[in-house]
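Q: Here it is, the structure, as structure tokens.
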Amino acid sequence: MSLIKPIVFSDLDDTIFQTSRKMAGAPDEALKASHALNGSHSYMTQRQSAAFEWLNASTRFIPVTARSTEALSRCSLPFKDYQIASNGAVILTPEGALDEDWMARTRDICKAKEQLFTDMAVKIEEMNEDGGLRHWIVDEQMCGVYYCVKSNGDEARLDEVQFVMEGMLGGPDGGLLFKHRNGNNLAYMPHDISKKSAVDYLIEKISPTRDQPIWGMGDSITDLPFMESCDMMVIPTETQLHKTFKKGMN
Ligand SMILES: [Mg+2]
């Protein structure tokens, strides 16, 4: 019997590792997974580390992350296959090179949103006199690919941002951009930039006949579409997705 290597598409933050403030006990420095420029580093638990080692050794483990390629490069896990970054805007090959065809598609889509991202940044800066917000246009290859806002304090501050942005973009979804919100993460992406579109492209490229089992792993509602492209979904317990399913059953 020939060995069929399963493919695992996996989100990273809050699925494979998380910041120490979300962990029950003090993190183990030996299990530091990602270095953060603001000091809020990410760690794996012992069990997350064992799960990652198991999957990375026995499957084609492909990270699917909102992190930019720069933030992904600060992650110390030994990824060895394709990598999907910036919410699907960028695909890196197993050699670490840019998938140029995919980047050309991203450029075409994002060029049309350039001015909108800039207008959003101006608007948010107007409501940020106290400096309580961090916000930026995520850049890949000199191209703005999505817009991101975080609160430096209370996450509820993002409700206010969301309200203002909805007025500007014409509604929560189905407006000019697609919204992602989970905890202290608020992001606005062009509709055609998604983890799902990048996962579908890679499935077509590396498993066109779908002979391998394919799993999708993620914690956020916005991970669900790419997980639906897979045969099996893996959801960490007590995360946004799990809580949403639980609520739906009551
Ligand atoms: Mg996540």
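Each chain in the structure tokens gets a letter, A, B and so on, in the order shown; residues start at 1 in every chain, and ligands are counted from 1 in the order they appear.
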List as a PyMOL selection string the protein and nucleic acid residues near Pro27 in chain A, meaning an atom at most 8 Å away when only C-alpha atoms are counted, but skip any in the same chain fewer than 5 places from it.
A: chain A and resi 20+32+43-45
Q: I need the residues from that last selection saved to file as a PDB file, in the first residue's frame (with N, CA, C and O atoms), if you can.
A:
ATOM      1  N   SER A  20       0.008  34.645  25.976  1.00  0.00           N
ATOM      2  CA  SER A  20       0.036  34.117  27.346  1.00  0.00           C
ATOM      3  C   SER A  20      -1.176  34.569  28.157  1.00  0.00           C
ATOM      4  O   SER A  20      -1.642  33.845  29.031  1.00  0.00           O
ATOM      5  N   LYS A  32       7.569  28.602  23.438  1.00  0.00           N
ATOM      6  CA  LYS A  32       7.264  29.881  22.782  1.00  0.00           C
ATOM      7  C   LYS A  32       7.139  29.627  21.279  1.00  0.00           C
ATOM      8  O   LYS A  32       8.019  29.011  20.669  1.00  0.00           O
ATOM      9  N   TYR A  43       2.441  31.287  22.839  1.00  0.00           N
ATOM     10  CA  TYR A  43       2.979  30.028  23.353  1.00  0.00           C
ATOM     11  C   TYR A  43       2.030  28.883  23.056  1.00  0.00           C
ATOM     12  O   TYR A  43       0.820  29.072  22.947  1.00  0.00           O
ATOM     13  N   MET A  44       2.604  27.667  23.008  1.00  0.00           N
ATOM     14  CA  MET A  44       1.782  26.461  22.929  1.00  0.00           C
ATOM     15  C   MET A  44       1.685  25.869  24.328  1.00  0.00           C
ATOM     16  O   MET A  44       2.603  26.012  25.141  1.00  0.00           O
ATOM     17  N   THR A  45       0.584  25.179  24.573  1.00  0.00           N
ATOM     18  CA  THR A  45       0.541  24.346  25.774  1.00  0.00           C
ATOM     19  C   THR A  45       1.290  23.052  25.429  1.00  0.00           C
ATOM     20  O   THR A  45       1.581  22.793  24.247  1.00  0.00           O
TER      21      THR A  45
END
Q: Do you know which residues are within 10 Å of ligand 1 using only C-alpha atoms and all ligand atoms? Can you write them as a count of residues only?
A: 26
Q: Give me the residues within 9 Å of Lys150 in chain A as a list in words, counting only C-alpha atoms and dropping any in the same chain fewer than 5 places off.
A: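 In the requested form, the answer reads Gly132, Leu133, Arg134, His135, Glu155, Arg157, Leu158, Asn184, Asn185, Leu186 and Ala187 of chain A.
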Q: I'd like the neighbourhood of Ala71 in chain A as number ranges by chain, where a residue qualifies if any of its atoms comes within 10 Å (using only C-alpha atoms), though same-chain residues fewer than 6 positions away should be ignored.
A: A: 34-37, 65, 85-86
Q: Go ahead and dump the residues you just picked, all heavy atoms, as a CSV table (one decimal), in the first residue's frame.
A:
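Result went into part-v6.csv, see below:
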chain,number,residue,atom,x,y,z
A,34,SER,N,5.8,32.1,18.9
A,34,SER,CA,5.9,33.3,18.1
A,34,SER,C,6.3,34.5,18.9
A,34,SER,O,5.8,34.8,20.0
A,34,SER,CB,4.5,33.6,17.4
A,34,SER,OG,4.6,34.8,16.7
A,35,HIS,N,7.2,35.3,18.3
A,35,HIS,CA,7.7,36.5,19.0
A,35,HIS,C,6.9,37.7,18.5
A,35,HIS,O,6.7,37.9,17.3
A,35,HIS,CB,9.2,36.7,18.6
A,35,HIS,CG,9.8,37.8,19.3
A,35,HIS,ND1,10.3,37.7,20.6
A,35,HIS,CD2,10.0,39.1,19.0
A,35,HIS,CE1,10.8,38.9,21.0
A,35,HIS,NE2,10.6,39.8,20.0
A,36,ALA,N,6.4,38.5,19.5
A,36,ALA,CA,5.6,39.7,19.1
A,36,ALA,C,6.4,40.9,19.3
A,36,ALA,O,7.1,41.0,20.3
A,36,ALA,CB,4.3,39.7,19.9
A,37,LEU,N,6.2,41.9,18.4
A,37,LEU,CA,7.0,43.1,18.5
A,37,LEU,C,6.6,43.9,19.7
A,37,LEU,O,7.4,44.7,20.3
A,37,LEU,CB,6.9,44.0,17.2
A,37,LEU,CG,7.4,43.3,16.0
A,37,LEU,CD1,7.1,44.1,14.7
A,37,LEU,CD2,8.9,42.9,16.0
A,65,THR,N,-3.3,31.6,7.8
A,65,THR,CA,-3.3,32.6,8.9
A,65,THR,C,-3.6,34.0,8.4
A,65,THR,O,-3.4,34.3,7.3
A,65,THR,CB,-1.9,32.6,9.6
A,65,THR,OG1,-2.0,33.5,10.7
A,65,THR,CG2,-0.8,32.9,8.7
A,85,ALA,N,-0.8,33.1,4.0
A,85,ALA,CA,-0.6,34.3,5.0
A,85,ALA,C,-1.6,35.4,4.6
A,85,ALA,O,-2.3,35.3,3.5
A,85,ALA,CB,0.8,34.8,4.9
A,86,SER,N,-1.7,36.4,5.5
A,86,SER,CA,-2.6,37.6,5.2
A,86,SER,C,-4.0,37.3,4.8
A,86,SER,O,-4.5,37.8,3.8
A,86,SER,CB,-1.9,38.5,4.2
A,86,SER,OG,-0.9,39.3,4.8
Q: Residues at most 10 Å from Ile84 in chain A, counting only C-alpha atoms, excluding those fewer than 4 positions away in the same chain, as a list in words?
A: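 Answer for this query is Phe9, Ser10, Asp11, Ile62, Pro63, Val64, Thr65, Ala66, Arg67, Ser68, Thr69, Leu72, Gly88, Ala89, Val90, Ile91, Leu92, Thr93, Lys195, Ala198, Val199 and Leu202 of chain A.
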Q: If I take CA of Pro208 in chain A and CA of Ile7 in chain A, how far is one from the other in Å, to one decimal?
A: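 Separating CA of Pro208 in chain A from CA of Ile7 in chain A is a distance of 12.5 Å.
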Q: Closest to Lys179 in chain A among A:Lys196, A:His242, A:Arg210, A:His191, using only C-alpha atoms?
A: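 So, comparing all the options, the nearest one is A:His191.
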Q: If I take CA of Ser229 in chain A and CA of Gly216 in chain A, how far is one from the other in Å, to one decimal?
A: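 Answer for the CA of Ser229 in chain A to CA of Gly216 in chain A separation: 7.8 Å.
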Q: Would you pick out the contacts of Ala121 in chain A at 10 Å or less, using only C-alpha atoms, so that residues sharing its chain but fewer than 4 positions from it are not included, and give the list as a VMD selection string?
A: chain A and resid 115 to 117 125 to 126 135 to 137 147 to 149
Q: What does the file look like for those residues with N, CA and C atoms, as a PDB file, in the first residue's frame?
A:
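Here's the written file again17.pdb:
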ATOM      1  N   GLN A 115      -7.567  53.163  -2.122  1.00  0.00           N
ATOM      2  CA  GLN A 115      -8.056  54.446  -1.624  1.00  0.00           C
ATOM      3  C   GLN A 115      -8.988  54.252  -0.430  1.00  0.00           C
ATOM      4  N   LEU A 116      -9.808  53.208  -0.497  1.00  0.00           N
ATOM      5  CA  LEU A 116     -10.740  52.921   0.590  1.00  0.00           C
ATOM      6  C   LEU A 116      -9.973  52.628   1.896  1.00  0.00           C
ATOM      7  N   PHE A 117      -8.935  51.818   1.811  1.00  0.00           N
ATOM      8  CA  PHE A 117      -8.119  51.519   3.005  1.00  0.00           C
ATOM      9  C   PHE A 117      -7.552  52.820   3.600  1.00  0.00           C
ATOM     10  N   GLU A 125      -8.195  57.338  12.614  1.00  0.00           N
ATOM     11  CA  GLU A 125      -7.262  58.224  13.309  1.00  0.00           C
ATOM     12  C   GLU A 125      -8.012  59.404  13.926  1.00  0.00           C
ATOM     13  N   GLU A 126      -9.085  59.836  13.266  1.00  0.00           N
ATOM     14  CA  GLU A 126      -9.924  60.922  13.800  1.00  0.00           C
ATOM     15  C   GLU A 126     -10.542  60.549  15.141  1.00  0.00           C
ATOM     16  N   HIS A 135      -4.005  50.596  14.512  1.00  0.00           N
ATOM     17  CA  HIS A 135      -4.649  50.225  13.248  1.00  0.00           C
ATOM     18  C   HIS A 135      -3.654  50.383  12.114  1.00  0.00           C
ATOM     19  N   TRP A 136      -3.761  49.513  11.165  1.00  0.00           N
ATOM     20  CA  TRP A 136      -2.822  49.576  10.046  1.00  0.00           C
ATOM     21  C   TRP A 136      -3.355  48.831   8.828  1.00  0.00           C
ATOM     22  N   ILE A 137      -2.791  49.190   7.677  1.00  0.00           N
ATOM     23  CA  ILE A 137      -3.103  48.476   6.440  1.00  0.00           C
ATOM     24  C   ILE A 137      -2.046  47.387   6.318  1.00  0.00           C
ATOM     25  N   TYR A 147      -7.305  45.663   6.032  1.00  0.00           N
ATOM     26  CA  TYR A 147      -7.202  46.690   7.055  1.00  0.00           C
ATOM     27  C   TYR A 147      -7.517  46.093   8.420  1.00  0.00           C
ATOM     28  N   CYS A 148      -6.742  46.472   9.418  1.00  0.00           N
ATOM     29  CA  CYS A 148      -6.789  45.800  10.707  1.00  0.00           C
ATOM     30  C   CYS A 148      -6.832  46.813  11.858  1.00  0.00           C
ATOM     31  N   VAL A 149      -7.699  46.580  12.848  1.00  0.00           N
ATOM     32  CA  VAL A 149      -7.794  47.466  14.018  1.00  0.00           C
ATOM     33  C   VAL A 149      -7.781  46.630  15.291  1.00  0.00           C
TER      34      VAL A 149
END
Q: Provide the CA of Asp81 in chain A to CA of Thr106 in chain A distance in Å, to one decimal place.
A: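 Going from CA of Asp81 in chain A over to CA of Thr106 in chain A, I get 20.8 Å.
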Q: Taking the DSSP secondary structure from the backbone, can you list the residues of range 2-217 of chain A that are strand (DSSP E), as a PyMOL selection string?
A: chain A and resi 7-10+18-19+32-34+42-43+60-63+83-85+90-92+133-140+143-151+178-182+185-189+214-217
Q: Select, from A:Asn152, A:Thr19, A:Asn128, A:Gln212, the residue with the minimum atom-to-atom distance to Gly39 in chain A, counting only C-alpha atoms.
A: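 Going through A:Asn152, A:Thr19, A:Asn128, A:Gln212 one by one, the smallest distance to Gly39 in chain A is for A:Thr19.
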Q: A:Phe52, A:Phe245, A:Tyr201, A:Tyr82: which is nearest Gly96 in chain A, counting only C-alpha atoms?
A: A:Tyr82
Q: Between A:Met249, A:Met103, A:Ala156, A:Met142, single out the one closest to Ile193 in chain A, counting only C-alpha atoms.
A: A:Met103
